[in-house]
Amino acid sequence: MKTKNNRLEALRMIISSRELGSQEELLNALQKEGYKLTQATLSRDLKQLKVAKAATLRGNYVYVLPNDTMYKRVSTPGNIREMMTASGFVSMNFSGNMGVIKTRPGYASAIAWNIDSSDIPQILGSIAGDDTIFIVIREGVSHEEVVKVVKQTLNVEH
C-alpha cells in the first residue's frame, strides 16, 4: 500500500530531479511511480510541502522545493524508487581525530542528523553542509571502528 508519506517523498524526489511546470505533468510522473491521485490531492500535497514555481534560465516556470529542504535538482535523474532507497553516503576519510564524510548532493544534513541522533559514543559531533559532513572523533577511537559504526548506523554495505 502506498502511504501518504511515501507519496510525499516520491513527489519531493520527482520535483528535485525533473523540470515540471504543470500539475498534469506531476500527476503523470506520480502515476508512473504507482501513485494514482486526484488533482485536488496533489494541490494539497504541494501546499503541505510548500512547493513553489520558479523561473528557469529559459524563462519557463517549474515546480521547486523550499530552500531548506534536503533535495537538490539533479541533472541526471535516476529511478525514483532507487533514489528513495539510496542512503546518500559516498565516502569517509580521516585526518587525526577529524573525519570527512562525502554524500550525494543534498544528503549531508539528513545523514548528519542520523549520526547525531544515534548517539554514537565514538563521535563527539558533526557539522553538515550540502554534500559534506565534518565529524570529530573521540580520542583513542580507531578510524576503522568509526567506519564500521557509521556504516551500521546508515545501513551502508560498501
# chains A, B, ... in the order shown; residues from 1 in each chain; ligands from 1
>>> select_by_dssp(residues="stretch 31-142 of chain A", states="alpha helix (DSSP H)", output="list in words")
Gln31, Lys32, Gln39, Ala40, Thr41, Leu42, Ser43, Arg44, Asp45, Leu46, Lys47, Gln48, Ile80, Arg81, Glu82, Met83, Met84, Thr85, Ala108, Ser109, Ala110, Ile111, Ala112, Trp113, Asn114, Ile115, Asp116 and Ser117 of chain A
>>> write_last_selection(atoms="N, CA, C and O atoms", output="mmCIF file, in the first residue's frame")
data_model
loop_
_atom_site.group_PDB
_atom_site.id
_atom_site.type_symbol
_atom_site.label_atom_id
_atom_site.label_comp_id
_atom_site.auth_asym_id
_atom_site.auth_seq_id
_atom_site.Cartn_x
_atom_site.Cartn_y
_atom_site.Cartn_z
ATOM 1 N N GLN A 31 1.994 8.912 -11.339
ATOM 2 C CA GLN A 31 1.318 7.698 -11.803
ATOM 3 C C GLN A 31 2.330 6.668 -12.296
ATOM 4 O O GLN A 31 2.186 5.478 -12.031
ATOM 5 N N LYS A 32 3.395 7.125 -12.972
ATOM 6 C CA LYS A 32 4.440 6.206 -13.432
ATOM 7 C C LYS A 32 5.136 5.525 -12.264
ATOM 8 O O LYS A 32 5.696 4.445 -12.416
ATOM 9 N N GLN A 39 -6.215 15.679 -8.779
ATOM 10 C CA GLN A 39 -5.575 16.999 -8.829
ATOM 11 C C GLN A 39 -5.735 17.703 -7.495
ATOM 12 O O GLN A 39 -4.816 18.377 -7.022
ATOM 13 N N ALA A 40 -6.878 17.535 -6.838
ATOM 14 C CA ALA A 40 -7.121 18.182 -5.544
ATOM 15 C C ALA A 40 -6.151 17.659 -4.484
ATOM 16 O O ALA A 40 -5.597 18.438 -3.692
ATOM 17 N N THR A 41 -5.920 16.354 -4.478
ATOM 18 C CA THR A 41 -4.963 15.769 -3.529
ATOM 19 C C THR A 41 -3.552 16.270 -3.825
ATOM 20 O O THR A 41 -2.805 16.626 -2.911
ATOM 21 N N LEU A 42 -3.198 16.337 -5.098
ATOM 22 C CA LEU A 42 -1.881 16.858 -5.476
ATOM 23 C C LEU A 42 -1.725 18.305 -5.006
ATOM 24 O O LEU A 42 -0.684 18.667 -4.465
ATOM 25 N N SER A 43 -2.758 19.111 -5.187
ATOM 26 C CA SER A 43 -2.701 20.511 -4.730
ATOM 27 C C SER A 43 -2.453 20.593 -3.227
ATOM 28 O O SER A 43 -1.635 21.403 -2.772
ATOM 29 N N ARG A 44 -3.132 19.757 -2.469
ATOM 30 C CA ARG A 44 -2.927 19.742 -1.009
ATOM 31 C C ARG A 44 -1.503 19.303 -0.668
ATOM 32 O O ARG A 44 -0.858 19.871 0.213
ATOM 33 N N ASP A 45 -0.999 18.297 -1.375
ATOM 34 C CA ASP A 45 0.371 17.829 -1.145
ATOM 35 C C ASP A 45 1.380 18.929 -1.449
ATOM 36 O O ASP A 45 2.323 19.151 -0.685
ATOM 37 N N LEU A 46 1.191 19.635 -2.568
ATOM 38 C CA LEU A 46 2.101 20.722 -2.939
ATOM 39 C C LEU A 46 2.087 21.821 -1.882
ATOM 40 O O LEU A 46 3.133 22.364 -1.521
ATOM 41 N N LYS A 47 0.906 22.130 -1.369
ATOM 42 C CA LYS A 47 0.794 23.159 -0.327
ATOM 43 C C LYS A 47 1.494 22.704 0.948
ATOM 44 O O LYS A 47 2.238 23.463 1.571
ATOM 45 N N GLN A 48 1.294 21.441 1.329
ATOM 46 C CA GLN A 48 1.929 20.905 2.535
ATOM 47 C C GLN A 48 3.450 20.938 2.421
ATOM 48 O O GLN A 48 4.155 21.240 3.388
ATOM 49 N N ILE A 80 13.008 6.851 -9.302
ATOM 50 C CA ILE A 80 12.597 7.417 -8.011
ATOM 51 C C ILE A 80 12.712 6.386 -6.895
ATOM 52 O O ILE A 80 13.222 6.670 -5.826
ATOM 53 N N ARG A 81 12.267 5.162 -7.131
ATOM 54 C CA ARG A 81 12.358 4.131 -6.077
ATOM 55 C C ARG A 81 13.811 3.902 -5.669
ATOM 56 O O ARG A 81 14.129 3.745 -4.506
ATOM 57 N N GLU A 82 14.706 3.883 -6.669
ATOM 58 C CA GLU A 82 16.133 3.708 -6.420
ATOM 59 C C GLU A 82 16.672 4.868 -5.578
ATOM 60 O O GLU A 82 17.412 4.670 -4.626
ATOM 61 N N MET A 83 16.277 6.103 -5.947
ATOM 62 C CA MET A 83 16.758 7.276 -5.227
ATOM 63 C C MET A 83 16.243 7.297 -3.787
ATOM 64 O O MET A 83 16.930 7.742 -2.876
ATOM 65 N N MET A 84 15.011 6.801 -3.574
ATOM 66 C CA MET A 84 14.437 6.827 -2.232
ATOM 67 C C MET A 84 15.109 5.818 -1.309
ATOM 68 O O MET A 84 15.136 6.012 -0.100
ATOM 69 N N THR A 85 15.653 4.732 -1.859
ATOM 70 C CA THR A 85 16.271 3.720 -1.014
ATOM 71 C C THR A 85 17.765 3.954 -0.825
ATOM 72 O O THR A 85 18.376 3.355 0.046
ATOM 73 N N ALA A 108 23.722 15.552 3.066
ATOM 74 C CA ALA A 108 24.580 15.669 4.244
ATOM 75 C C ALA A 108 23.803 15.986 5.520
ATOM 76 O O ALA A 108 24.053 15.388 6.567
ATOM 77 N N SER A 109 22.868 16.913 5.467
ATOM 78 C CA SER A 109 22.122 17.289 6.680
ATOM 79 C C SER A 109 21.360 16.105 7.269
ATOM 80 O O SER A 109 21.373 15.892 8.478
ATOM 81 N N ALA A 110 20.696 15.357 6.403
ATOM 82 C CA ALA A 110 19.918 14.214 6.879
ATOM 83 C C ALA A 110 20.821 13.129 7.460
ATOM 84 O O ALA A 110 20.518 12.542 8.506
ATOM 85 N N ILE A 111 21.937 12.862 6.805
ATOM 86 C CA ILE A 111 22.857 11.842 7.298
ATOM 87 C C ILE A 111 23.489 12.289 8.621
ATOM 88 O O ILE A 111 23.596 11.502 9.562
ATOM 89 N N ALA A 112 23.879 13.568 8.715
ATOM 90 C CA ALA A 112 24.438 14.083 9.972
ATOM 91 C C ALA A 112 23.418 13.984 11.091
ATOM 92 O O ALA A 112 23.757 13.634 12.226
ATOM 93 N N TRP A 113 22.169 14.265 10.775
ATOM 94 C CA TRP A 113 21.111 14.148 11.792
ATOM 95 C C TRP A 113 21.004 12.704 12.270
ATOM 96 O O TRP A 113 20.898 12.445 13.471
ATOM 97 N N ASN A 114 21.062 11.746 11.331
ATOM 98 C CA ASN A 114 21.013 10.323 11.704
ATOM 99 C C ASN A 114 22.189 9.957 12.612
ATOM 100 O O ASN A 114 22.021 9.247 13.603
ATOM 101 N N ILE A 115 23.369 10.450 12.270
ATOM 102 C CA ILE A 115 24.555 10.166 13.081
ATOM 103 C C ILE A 115 24.398 10.771 14.472
ATOM 104 O O ILE A 115 24.591 10.093 15.486
ATOM 105 N N ASP A 116 24.034 12.048 14.540
ATOM 106 C CA ASP A 116 23.901 12.728 15.835
ATOM 107 C C ASP A 116 22.792 12.134 16.691
ATOM 108 O O ASP A 116 22.944 11.973 17.900
ATOM 109 N N SER A 117 21.660 11.807 16.083
ATOM 110 C CA SER A 117 20.534 11.285 16.862
ATOM 111 C C SER A 117 20.742 9.842 17.294
ATOM 112 O O SER A 117 20.022 9.348 18.156
#
>>> closest_atom_pairs(of="stretch 88-115 of chain A", to="stretch 124-132 of chain A", cutoff="6 Å", atoms="only C-alpha atoms", output="CSV")
residue,atom,partner,partner_atom,distance
A:Ile101,CA,A:Thr132,CA,5.7
A:Lys102,CA,A:Thr132,CA,4.7
A:Thr103,CA,A:Asp131,CA,4.8
A:Arg104,CA,A:Asp131,CA,5.7
A:Pro105,CA,A:Asp131,CA,4.7
A:Gly106,CA,A:Asp130,CA,4.9
A:Ala108,CA,A:Asp131,CA,5.0
A:Ser109,CA,A:Ala128,CA,5.3
>>> write_last_selection(atoms="all heavy atoms", output="compact mmCIF listing (two decimals), in the first residue's frame")
# COMPACT_ATOMS: atom_id res chain seq x y z
N ILE A 101 32.89 13.01 5.75
CA ILE A 101 32.00 12.09 5.06
C ILE A 101 31.45 12.83 3.85
O ILE A 101 30.90 13.92 3.98
CB ILE A 101 30.84 11.65 5.98
CG1 ILE A 101 31.38 10.93 7.21
CG2 ILE A 101 29.86 10.77 5.20
CD1 ILE A 101 30.32 10.64 8.27
N LYS A 102 31.63 12.24 2.67
CA LYS A 102 31.08 12.81 1.43
C LYS A 102 29.75 12.11 1.15
O LYS A 102 29.62 10.90 1.35
CB LYS A 102 32.03 12.61 0.25
CG LYS A 102 33.37 13.33 0.38
CD LYS A 102 33.24 14.82 0.54
CE LYS A 102 32.97 15.49 -0.78
NZ LYS A 102 32.83 16.95 -0.69
N THR A 103 28.76 12.90 0.70
CA THR A 103 27.44 12.37 0.40
C THR A 103 27.01 12.81 -0.99
O THR A 103 27.66 13.65 -1.61
CB THR A 103 26.38 12.88 1.41
OG1 THR A 103 26.14 14.27 1.16
CG2 THR A 103 26.83 12.66 2.84
N ARG A 104 25.90 12.29 -1.44
CA ARG A 104 25.29 12.81 -2.66
C ARG A 104 24.79 14.21 -2.35
O ARG A 104 24.50 14.53 -1.19
CB ARG A 104 24.13 11.91 -3.08
CG ARG A 104 24.65 10.57 -3.60
CD ARG A 104 23.57 9.58 -3.94
NE ARG A 104 22.43 10.18 -4.62
CZ ARG A 104 21.24 9.59 -4.70
NH1 ARG A 104 21.05 8.43 -4.14
NH2 ARG A 104 20.25 10.18 -5.33
N PRO A 105 24.71 15.09 -3.36
CA PRO A 105 24.25 16.46 -3.11
C PRO A 105 22.91 16.49 -2.38
O PRO A 105 21.97 15.78 -2.74
CB PRO A 105 24.11 17.04 -4.53
CG PRO A 105 25.08 16.26 -5.34
CD PRO A 105 25.05 14.87 -4.77
N GLY A 106 22.87 17.30 -1.32
CA GLY A 106 21.64 17.48 -0.57
C GLY A 106 21.41 16.49 0.56
O GLY A 106 20.46 16.64 1.33
N ALA A 108 23.72 15.55 3.07
CA ALA A 108 24.58 15.67 4.24
C ALA A 108 23.80 15.99 5.52
O ALA A 108 24.05 15.39 6.57
CB ALA A 108 25.67 16.71 4.01
N SER A 109 22.87 16.91 5.47
CA SER A 109 22.12 17.29 6.68
C SER A 109 21.36 16.11 7.27
O SER A 109 21.37 15.89 8.48
CB SER A 109 21.15 18.42 6.38
OG SER A 109 21.84 19.60 6.11
>>> atom_distance(atom1="atom CA of A:Leu11", atom2="atom CA of A:Thr38")
13.7 Å
>>> select_by_dssp(residues="chain A", states="strand (DSSP E)", output="tab-separated table (two decimals) with N, CA and C atoms, in the first residue's frame")
chain	number	residue	atom	x	y	z
A	52	ALA	N	6.83	25.74	-4.65
A	52	ALA	CA	6.58	26.99	-5.36
A	52	ALA	C	6.93	26.78	-6.83
A	53	LYS	N	6.67	27.81	-7.62
A	53	LYS	CA	7.11	27.80	-9.01
A	53	LYS	C	8.17	28.87	-9.17
A	54	ALA	N	9.22	28.52	-9.91
A	54	ALA	CA	10.32	29.47	-10.14
A	54	ALA	C	10.69	29.45	-11.61
A	55	ALA	N	11.19	30.57	-12.07
A	55	ALA	CA	11.59	30.69	-13.49
A	55	ALA	C	12.94	30.02	-13.70
A	61	TYR	N	8.46	28.26	-16.18
A	61	TYR	CA	8.23	28.16	-14.74
A	61	TYR	C	8.09	26.69	-14.38
A	62	VAL	N	8.85	26.27	-13.35
A	62	VAL	CA	8.85	24.87	-12.92
A	62	VAL	C	8.65	24.81	-11.41
A	63	TYR	N	8.18	23.66	-10.94
A	63	TYR	CA	8.00	23.45	-9.51
A	63	TYR	C	9.36	23.31	-8.83
A	64	VAL	N	9.49	23.93	-7.66
A	64	VAL	CA	10.71	23.83	-6.87
A	64	VAL	C	10.34	23.61	-5.41
A	89	PHE	N	25.19	8.12	1.14
A	89	PHE	CA	26.57	8.03	1.58
A	89	PHE	C	27.47	7.75	0.38
A	90	VAL	N	28.63	8.47	0.29
A	90	VAL	CA	29.58	8.24	-0.79
A	90	VAL	C	30.91	7.72	-0.26
A	91	SER	N	31.52	8.44	0.70
A	91	SER	CA	32.83	8.01	1.20
A	91	SER	C	33.11	8.64	2.57
A	92	MET	N	34.19	8.13	3.21
A	92	MET	CA	34.61	8.66	4.50
A	92	MET	C	36.14	8.63	4.56
A	93	ASN	N	36.75	9.77	4.97
A	93	ASN	CA	38.19	9.88	5.10
A	93	ASN	C	38.53	10.58	6.42
A	94	PHE	N	39.77	10.36	6.89
A	94	PHE	CA	40.16	10.87	8.20
A	94	PHE	C	41.50	11.59	8.17
A	95	SER	N	41.66	12.48	9.15
A	95	SER	CA	42.94	13.11	9.45
A	95	SER	C	42.94	13.30	10.96
A	98	MET	N	39.68	13.87	13.16
A	98	MET	CA	38.66	14.52	12.33
A	98	MET	C	38.32	13.60	11.16
A	99	GLY	N	37.06	13.61	10.78
A	99	GLY	CA	36.64	12.82	9.64
A	99	GLY	C	35.79	13.66	8.70
A	100	VAL	N	35.83	13.29	7.43
A	100	VAL	CA	35.01	13.95	6.43
A	100	VAL	C	34.21	12.87	5.72
A	101	ILE	N	32.89	13.01	5.75
A	101	ILE	CA	32.00	12.09	5.06
A	101	ILE	C	31.45	12.83	3.85
A	102	LYS	N	31.63	12.24	2.67
A	102	LYS	CA	31.08	12.81	1.43
A	102	LYS	C	29.75	12.11	1.15
A	103	THR	N	28.76	12.90	0.70
A	103	THR	CA	27.44	12.37	0.40
A	103	THR	C	27.01	12.81	-0.99
A	123	ILE	N	31.75	9.22	18.25
A	123	ILE	CA	31.71	10.51	17.56
A	123	ILE	C	31.21	11.59	18.51
A	124	LEU	N	32.00	12.66	18.65
A	124	LEU	CA	31.61	13.76	19.54
A	124	LEU	C	30.54	14.65	18.92
A	125	GLY	N	30.58	14.84	17.60
A	125	GLY	CA	29.59	15.67	16.94
A	125	GLY	C	29.88	15.80	15.47
A	126	SER	N	28.97	16.49	14.77
A	126	SER	CA	29.11	16.67	13.34
A	126	SER	C	28.63	18.05	12.91
A	127	ILE	N	29.12	18.48	11.76
A	127	ILE	CA	28.67	19.70	11.11
A	127	ILE	C	28.43	19.33	9.65
A	128	ALA	N	27.27	19.68	9.12
A	128	ALA	CA	26.93	19.28	7.76
A	128	ALA	C	26.77	20.47	6.83
A	132	THR	N	28.81	17.38	2.31
A	132	THR	CA	29.97	17.05	3.13
A	132	THR	C	29.60	17.16	4.61
A	133	ILE	N	30.08	16.19	5.39
A	133	ILE	CA	29.87	16.20	6.84
A	133	ILE	C	31.24	16.14	7.50
A	134	PHE	N	31.47	17.04	8.43
A	134	PHE	CA	32.69	17.06	9.23
A	134	PHE	C	32.34	16.41	10.57
A	135	ILE	N	33.11	15.40	10.98
A	135	ILE	CA	32.87	14.77	12.29
A	135	ILE	C	34.14	14.86	13.13
A	136	VAL	N	33.94	14.93	14.44
A	136	VAL	CA	35.05	14.89	15.39
A	136	VAL	C	34.94	13.57	16.14
A	137	ILE	N	36.05	12.84	16.14
A	137	ILE	CA	36.09	11.51	16.72
A	137	ILE	C	36.69	11.57	18.12
>>> residues_around(residues="stretch 118-122 of chain A", least_positions_apart="6", cutoff="10 Å", atoms="only C-alpha atoms", output="list of chain:residue names")
A:Ala112, A:Val136, A:Ile137, A:Arg138, A:Glu139, A:Gly140, A:Val141, A:Ser142, A:His143, A:Glu145, A:Val146, A:Val149, A:Val150, A:Thr153, A:Leu154
>>> write_last_selection(atoms="C-alpha atoms", output="compact mmCIF listing (two decimals), in the first residue's frame")
# COMPACT_ATOMS: atom_id res chain seq x y z
CA ALA A 112 24.44 14.08 9.97
CA VAL A 136 35.05 14.89 15.39
CA ILE A 137 36.09 11.51 16.72
CA ARG A 138 36.57 10.76 20.40
CA GLU A 139 40.22 10.35 21.39
CA GLY A 140 41.51 6.76 21.30
CA VAL A 141 38.90 5.52 18.81
CA SER A 142 40.23 3.90 15.63
CA HIS A 143 39.18 5.08 12.20
CA GLU A 145 35.80 1.47 14.37
CA VAL A 146 34.20 4.76 13.25
CA VAL A 149 29.69 2.10 13.34
CA VAL A 150 28.76 4.83 10.83
CA THR A 153 24.01 3.37 11.54
CA LEU A 154 23.38 4.35 7.92
